[in-house]
Amino acid sequence: MTTTPPDARTDPTPLAPGAPRSGTTFLGLPTAPRGVGHLRGEQPFPDAARTALRDGQLRANLGRATTTIRGKRAAVVSEVPHWEQLRQAGKALKAATMARLDEHLEELERQVTARGGTVHWARDAAEANRIVTELVRASGTDEVVKVKSMATQEIGLNEALERAGISAVETDLAELIVQLGEDAPSHILVPAIHKNRSEIREIFRRTIPGVDPGLTDDPRQLAMAARAHLRERFLRARVAVSGANFAVAETGTLAVVESEGNGRMCLTLPRTLITVMGIEKVVPRWADLGVFLQLLPRSSTGERMNPYTSLWAGLTPGDGPQEFHLVLLDNGRTAVLADEVGREALHCIRCSACLNVCPVYERTGGHAYGSVYPGPIGAVLSPQLTGVEDNASLPYASSLCGACYDVCPVAIDIPSILVHLRAEHVEAQQRPTAEAVAFRGLSRVMSNPRLWRLAQRAAGLGRFLARGRPTLPAALPPPASAWTRTRDLPTPPRKTFVEQWTEEHRS
Amino acid sequence: MSAREEVLGRIRTALGGDRPRVAVPPLPAPRSLGRDELLDLLAERVEDYRATVLRCAPDEIPATVVRGLDSALGTGWDPAGVVVAPGVPAAWRPSGAPEDDGRPAVGLAAFAATLTGVATAIAETGTLVLDGSPLSGRRALSLLPDVLVCVVEAAQVVPDVPDALARLDPLAPLTMVSGPSATSDIELQRVEGVHGPRTLVVVLAG
Ligand code: SF4
């Protein structure tokens, strides 16, 4: 494992780079529209986090799960001697792809079309939903099976289909749990990570018709109940909707990485396959998969390789779907691309390693982030996709500890992007708000590692901010203040900190 | 303006005129392993996924396939319930086992087990790759029956993922199989067997 040199994270120019992202555009590029999809929460992060922090069961479930997955990941990463080299290759490949994204997408379109597929372009969530709905309607069915896909969650496809009278059946076990429980996903890889086995058993008992009333909370039994519930649906499905982990421009090959075989069912059995993919998922060459297929499974499930990876290029007569549609989705991605610092968030391969190591995520869970992209990557991606004014508190949802950078398989410098977005948020305020003033002071603290450590140790000060006394040195990022409000901490060392802080800043 | 023109136009605006070539560092070389080490590594890694690995000499493949089916289905299994990929050599097939007749894919769910070969196998990750060829069979064949028996020959084994990709046809429908179907969705505890085959038997010859 590696660490960022401290100066890379705490470079003292948090207000400088990039023009402010004003209103809903940057360089005139539209962000993801409001009113559709799941990129914005109903509450700002600190409020949602406070609610989550009161849920002891949630914290226990999350703590157990993230501890397990961190251990598994560390074990399989440490057995690869050239891991850092692979990681740097992944980072460079993503940067190279973004630098010529238009060319790679045009090539992908040519190759997919040449092999019998149809490529659609969607400016935003609403357009993508419309395209998919029309394709399903044209196939004459009112039920589709779905493979877990972040892109379709982001655009709220299930709700759009439902409004059109089409039911979308989630087939990934965790997604099924979330769907049956009328819940929302809380993790990229394990969307039901916030539920423990007995909560899952209750959901199954309540919602699966004809389920064995004697169902225990043994994970094997629960998995078998899901198998039985879905099997018939797979066999009768005529249309499947998937996402894609990668799409190779030079060959037109799409890749879906999964574990259960529900992905293979969806990609193989129905006559029509519709794949919705963010434009940043393209990779230029076939050989590039050699890097990403090593990085992804070890970082996400902590396995050397996930059970199933499906790769297909257009149509194959006599094997799999006979109609293939690829929907290429923008929905704010080009606005992210326009920001030279923030752009790196598009390199994400959705492994979820950064969630599993994040102290903020571990305590609040995914729902507090209000977006389908939770955790550190969500804190940098969601505000960029929506425009920072719509997710203004997310860039503060981090203690900047740097653990996310250390585990990221494509070495995304999340802490630096967070600092960059905070600056942008402050800059975008018309009148200086209390938060903005506080942040300006804080940015100086953050620019000095020693002061920052001091400030973190004094996190109890956030309490006073919460009580409506926002004196300057108490300006700590909202999550810190949110924790302290619900934790039984000793009296905060207020005076000492203020004294030290003032002293530092006089000299 | 069409959505296509508009999205491509936005990308061009975002990138501006400057299109640097980003240098990609060369990939690390895979560890160099002798043939025996390679096969040992593959066997160890496949077993890690709680699949069964049966090693044999090339001329013992037919008997070992039968042994694998015995362990997965219990002795006394019905050969009519074992479907074979069309390109599997006649010698490997249990007598009486039917070949995939190209019936609608969902009809394959009626079989208890499938026998196929593979396109290549990756030692480092314990992965088999099926490529839709007659030897591997179509994708539904290795998916629907609950037991999958795959024969891997020594010459098909490569060290790591990049070596496998170099051997494979990017236009073929490919399935990489690493152990039986599994989920870790409940408290991150691995459970083998959800929708794909719950039992994977690998006959490793050579
Ligand atoms: S940002 Fe990096 S660590 Fe986090 S999900 Fe994306 S690829 Fe994984």
# chains A, B, ... in the order shown; residues from 1 in each chain; ligands from 1
$ select_by_dssp --residues "chain B" --states "strand (DSSP E)" --output "PyMOL selection string"
chain B and resi 52-56+82-84+113-117+120-122+127-130+147-153+157-158+174-177+182-183+191-192+199-205
$ interface_residues --of "chain B" --to "chain A" --cutoff "7 Å" --atoms "only C-alpha atoms" --output "JSON, numbers by chain"
{"B": [3, 4, 7, 8, 10, 11, 14, 15, 19, 20, 21, 22, 23, 24, 25, 27, 28, 105, 106, 125, 138, 139, 140, 161, 162, 165, 170, 171, 172, 173, 174, 175, 176, 177, 178, 179, 180, 181, 182, 183, 185, 186, 187, 188, 191, 194, 195, 196]}
$ closest_atom_pairs --of "chain A" --to "ligand 1" --cutoff "9 Å" --atoms "only C-alpha atoms and all ligand atoms" --output "JSON lines"
{"residue": "A:Ile188", "atom": "CA", "partner": "ligand 1", "partner_atom_place_in_ligand_line": "5 (S)", "distance": 7.6}
{"residue": "A:Leu189", "atom": "CA", "partner": "ligand 1", "partner_atom_place_in_ligand_line": "5 (S)", "distance": 8.9}
{"residue": "A:Leu296", "atom": "CA", "partner": "ligand 1", "partner_atom_place_in_ligand_line": "7 (S)", "distance": 7.8}
{"residue": "A:Ser299", "atom": "CA", "partner": "ligand 1", "partner_atom_place_in_ligand_line": "8 (Fe)", "distance": 7.0}
{"residue": "A:Ser300", "atom": "CA", "partner": "ligand 1", "partner_atom_place_in_ligand_line": "8 (Fe)", "distance": 7.2}
{"residue": "A:Ala345", "atom": "CA", "partner": "ligand 1", "partner_atom_place_in_ligand_line": "1 (S)", "distance": 6.8}
{"residue": "A:Leu346", "atom": "CA", "partner": "ligand 1", "partner_atom_place_in_ligand_line": "6 (Fe)", "distance": 8.5}
{"residue": "A:His347", "atom": "CA", "partner": "ligand 1", "partner_atom_place_in_ligand_line": "7 (S)", "distance": 7.0}
{"residue": "A:Cys348", "atom": "CA", "partner": "ligand 1", "partner_atom_place_in_ligand_line": "6 (Fe)", "distance": 3.7}
{"residue": "A:Ile349", "atom": "CA", "partner": "ligand 1", "partner_atom_place_in_ligand_line": "7 (S)", "distance": 4.3}
{"residue": "A:Arg350", "atom": "CA", "partner": "ligand 1", "partner_atom_place_in_ligand_line": "5 (S)", "distance": 3.9}
{"residue": "A:Cys351", "atom": "CA", "partner": "ligand 1", "partner_atom_place_in_ligand_line": "8 (Fe)", "distance": 3.9}
{"residue": "A:Ser352", "atom": "CA", "partner": "ligand 1", "partner_atom_place_in_ligand_line": "5 (S)", "distance": 3.7}
{"residue": "A:Ala353", "atom": "CA", "partner": "ligand 1", "partner_atom_place_in_ligand_line": "3 (S)", "distance": 4.4}
{"residue": "A:Cys354", "atom": "CA", "partner": "ligand 1", "partner_atom_place_in_ligand_line": "3 (S)", "distance": 4.1}
{"residue": "A:Leu355", "atom": "CA", "partner": "ligand 1", "partner_atom_place_in_ligand_line": "4 (Fe)", "distance": 6.5}
{"residue": "A:Asn356", "atom": "CA", "partner": "ligand 1", "partner_atom_place_in_ligand_line": "3 (S)", "distance": 8.8}
{"residue": "A:Tyr373", "atom": "CA", "partner": "ligand 1", "partner_atom_place_in_ligand_line": "5 (S)", "distance": 8.9}
{"residue": "A:Gly375", "atom": "CA", "partner": "ligand 1", "partner_atom_place_in_ligand_line": "4 (Fe)", "distance": 7.9}
{"residue": "A:Pro376", "atom": "CA", "partner": "ligand 1", "partner_atom_place_in_ligand_line": "4 (Fe)", "distance": 6.6}
{"residue": "A:Ile377", "atom": "CA", "partner": "ligand 1", "partner_atom_place_in_ligand_line": "1 (S)", "distance": 4.7}
{"residue": "A:Gly378", "atom": "CA", "partner": "ligand 1", "partner_atom_place_in_ligand_line": "1 (S)", "distance": 8.2}
{"residue": "A:Val380", "atom": "CA", "partner": "ligand 1", "partner_atom_place_in_ligand_line": "1 (S)", "distance": 8.9}
{"residue": "A:Leu381", "atom": "CA", "partner": "ligand 1", "partner_atom_place_in_ligand_line": "1 (S)", "distance": 9.0}
{"residue": "A:Cys404", "atom": "CA", "partner": "ligand 1", "partner_atom_place_in_ligand_line": "3 (S)", "distance": 6.1}
{"residue": "A:Tyr405", "atom": "CA", "partner": "ligand 1", "partner_atom_place_in_ligand_line": "3 (S)", "distance": 7.1}
{"residue": "A:Asp406", "atom": "CA", "partner": "ligand 1", "partner_atom_place_in_ligand_line": "3 (S)", "distance": 8.4}
{"residue": "A:Val407", "atom": "CA", "partner": "ligand 1", "partner_atom_place_in_ligand_line": "3 (S)", "distance": 5.9}
{"residue": "A:Cys408", "atom": "CA", "partner": "ligand 1", "partner_atom_place_in_ligand_line": "3 (S)", "distance": 3.5}
{"residue": "A:Pro409", "atom": "CA", "partner": "ligand 1", "partner_atom_place_in_ligand_line": "7 (S)", "distance": 5.6}
{"residue": "A:Val410", "atom": "CA", "partner": "ligand 1", "partner_atom_place_in_ligand_line": "7 (S)", "distance": 5.8}
{"residue": "A:Ala411", "atom": "CA", "partner": "ligand 1", "partner_atom_place_in_ligand_line": "2 (Fe)", "distance": 6.5}
{"residue": "A:Ile412", "atom": "CA", "partner": "ligand 1", "partner_atom_place_in_ligand_line": "2 (Fe)", "distance": 5.8}
{"residue": "A:Asp413", "atom": "CA", "partner": "ligand 1", "partner_atom_place_in_ligand_line": "1 (S)", "distance": 8.5}
{"residue": "A:Ile414", "atom": "CA", "partner": "ligand 1", "partner_atom_place_in_ligand_line": "1 (S)", "distance": 7.2}
$ closest_residue --among "B:Glu5, B:Asp146, B:Asp78, B:Asp163" --to "Gly193 (chain B)" --atoms "only C-alpha atoms"
B:Asp146
$ select_by_dssp --residues "region 208-309 of chain A" --states "helix (DSSP H, G or I)" --output "PyMOL selection string"
chain A and resi 219-236+262-268+279-281+286-300
$ residues_around --residues "region 61-76 of chain B" --least-positions-apart "4" --cutoff "10 Å" --atoms "only C-alpha atoms" --output "number ranges by chain"
B: 52-57, 82, 89-95, 112-115, 146-153, 198-206
$ write_last_selection --atoms "N, CA, C and O atoms" --output "compact mmCIF listing (two decimals), in the first residue's frame"
# COMPACT_ATOMS: atom_id res chain seq x y z
N THR B 52 -14.15 -28.12 -6.97
CA THR B 52 -13.41 -29.37 -6.88
C THR B 52 -12.43 -29.45 -8.04
O THR B 52 -12.80 -29.20 -9.18
N VAL B 53 -11.17 -29.78 -7.76
CA VAL B 53 -10.19 -29.95 -8.82
C VAL B 53 -9.74 -31.41 -8.82
O VAL B 53 -9.33 -31.93 -7.79
N LEU B 54 -9.85 -32.06 -9.97
CA LEU B 54 -9.39 -33.44 -10.10
C LEU B 54 -8.26 -33.44 -11.13
O LEU B 54 -8.46 -33.07 -12.28
N ARG B 55 -7.06 -33.83 -10.71
CA ARG B 55 -5.93 -33.83 -11.63
C ARG B 55 -5.72 -35.22 -12.19
O ARG B 55 -5.93 -36.22 -11.51
N CYS B 56 -5.31 -35.28 -13.47
CA CYS B 56 -5.12 -36.59 -14.10
C CYS B 56 -4.17 -36.48 -15.28
O CYS B 56 -3.85 -35.38 -15.72
N ALA B 57 -3.74 -37.62 -15.78
CA ALA B 57 -2.96 -37.66 -17.02
C ALA B 57 -3.93 -37.49 -18.18
O ALA B 57 -5.12 -37.79 -18.04
N VAL B 82 -26.91 -35.36 -18.38
CA VAL B 82 -25.64 -34.64 -18.53
C VAL B 82 -25.52 -34.16 -19.97
O VAL B 82 -25.44 -34.96 -20.90
N PRO B 89 -14.48 -33.65 -27.27
CA PRO B 89 -14.07 -34.88 -27.96
C PRO B 89 -14.90 -36.08 -27.51
O PRO B 89 -15.25 -36.19 -26.33
N ALA B 90 -15.17 -36.96 -28.44
CA ALA B 90 -16.02 -38.12 -28.16
C ALA B 90 -15.49 -38.93 -26.98
O ALA B 90 -16.25 -39.41 -26.14
N ALA B 91 -14.16 -39.03 -26.90
CA ALA B 91 -13.56 -39.87 -25.85
C ALA B 91 -13.86 -39.36 -24.45
O ALA B 91 -13.89 -40.14 -23.50
N TRP B 92 -14.06 -38.04 -24.30
CA TRP B 92 -14.29 -37.49 -22.96
C TRP B 92 -15.72 -37.69 -22.48
O TRP B 92 -16.02 -37.53 -21.31
N ARG B 93 -16.62 -38.00 -23.40
CA ARG B 93 -18.05 -37.98 -23.06
C ARG B 93 -18.48 -39.24 -22.33
O ARG B 93 -18.19 -40.35 -22.80
N PRO B 94 -19.22 -39.12 -21.26
CA PRO B 94 -19.78 -40.32 -20.64
C PRO B 94 -20.77 -40.94 -21.63
O PRO B 94 -21.48 -40.20 -22.33
N SER B 95 -20.78 -42.25 -21.73
CA SER B 95 -21.65 -42.84 -22.75
C SER B 95 -23.11 -42.59 -22.39
O SER B 95 -23.50 -42.68 -21.22
N ALA B 112 -29.18 -31.83 -15.43
CA ALA B 112 -28.58 -31.79 -14.09
C ALA B 112 -27.14 -31.28 -14.14
O ALA B 112 -26.66 -30.67 -13.19
N ALA B 113 -26.45 -31.57 -15.25
CA ALA B 113 -25.03 -31.21 -15.32
C ALA B 113 -24.62 -30.93 -16.76
O ALA B 113 -25.27 -31.37 -17.71
N THR B 114 -23.54 -30.17 -16.90
CA THR B 114 -22.98 -29.83 -18.20
C THR B 114 -21.51 -30.22 -18.23
O THR B 114 -20.81 -30.05 -17.23
N LEU B 115 -21.06 -30.72 -19.39
CA LEU B 115 -19.63 -31.00 -19.58
C LEU B 115 -19.11 -30.16 -20.75
O LEU B 115 -19.67 -30.20 -21.84
N ASP B 146 -27.14 -27.18 -12.84
CA ASP B 146 -26.63 -26.82 -11.52
C ASP B 146 -25.20 -27.30 -11.27
O ASP B 146 -24.55 -26.86 -10.33
N VAL B 147 -24.73 -28.22 -12.12
CA VAL B 147 -23.35 -28.72 -11.99
C VAL B 147 -22.61 -28.43 -13.29
O VAL B 147 -23.13 -28.68 -14.38
N LEU B 148 -21.40 -27.88 -13.17
CA LEU B 148 -20.59 -27.63 -14.36
C LEU B 148 -19.27 -28.37 -14.22
O LEU B 148 -18.55 -28.19 -13.23
N VAL B 149 -18.98 -29.23 -15.22
CA VAL B 149 -17.70 -29.94 -15.24
C VAL B 149 -16.91 -29.41 -16.43
O VAL B 149 -17.39 -29.45 -17.57
N CYS B 150 -15.71 -28.88 -16.18
CA CYS B 150 -14.88 -28.34 -17.25
C CYS B 150 -13.56 -29.09 -17.31
O CYS B 150 -12.91 -29.29 -16.28
N VAL B 151 -13.17 -29.44 -18.53
CA VAL B 151 -11.87 -30.10 -18.71
C VAL B 151 -10.86 -29.06 -19.17
O VAL B 151 -11.09 -28.33 -20.14
N VAL B 152 -9.74 -28.97 -18.45
CA VAL B 152 -8.67 -28.03 -18.80
C VAL B 152 -7.43 -28.84 -19.15
O VAL B 152 -7.02 -29.71 -18.37
N GLU B 153 -6.84 -28.57 -20.31
CA GLU B 153 -5.61 -29.26 -20.69
C GLU B 153 -4.41 -28.36 -20.38
O GLU B 153 -4.51 -27.13 -20.49
N ARG B 198 -24.15 -24.34 -8.86
CA ARG B 198 -23.72 -24.33 -7.47
C ARG B 198 -22.49 -25.19 -7.27
O ARG B 198 -21.81 -25.08 -6.27
N THR B 199 -22.24 -26.09 -8.22
CA THR B 199 -21.08 -26.96 -8.10
C THR B 199 -20.21 -26.83 -9.36
O THR B 199 -20.71 -26.93 -10.47
N LEU B 200 -18.92 -26.59 -9.15
CA LEU B 200 -17.98 -26.52 -10.27
C LEU B 200 -16.91 -27.58 -10.06
O LEU B 200 -16.27 -27.64 -9.01
N VAL B 201 -16.73 -28.44 -11.07
CA VAL B 201 -15.69 -29.47 -11.02
C VAL B 201 -14.72 -29.20 -12.17
O VAL B 201 -15.14 -29.05 -13.32
N VAL B 202 -13.43 -29.09 -11.85
CA VAL B 202 -12.44 -28.85 -12.89
C VAL B 202 -11.57 -30.10 -13.02
O VAL B 202 -10.96 -30.53 -12.05
N VAL B 203 -11.56 -30.66 -14.22
CA VAL B 203 -10.68 -31.79 -14.51
C VAL B 203 -9.43 -31.21 -15.16
O VAL B 203 -9.49 -30.65 -16.26
N LEU B 204 -8.31 -31.29 -14.45
CA LEU B 204 -7.08 -30.66 -14.94
C LEU B 204 -6.14 -31.76 -15.42
O LEU B 204 -5.63 -32.56 -14.62
N ALA B 205 -5.92 -31.79 -16.73
CA ALA B 205 -5.17 -32.89 -17.34
C ALA B 205 -3.77 -32.44 -17.73
O ALA B 205 -3.59 -31.42 -18.37
N GLY B 206 -2.77 -33.24 -17.33
CA GLY B 206 -1.41 -32.95 -17.77
C GLY B 206 -0.46 -32.81 -16.58
O GLY B 206 -0.86 -32.75 -15.45
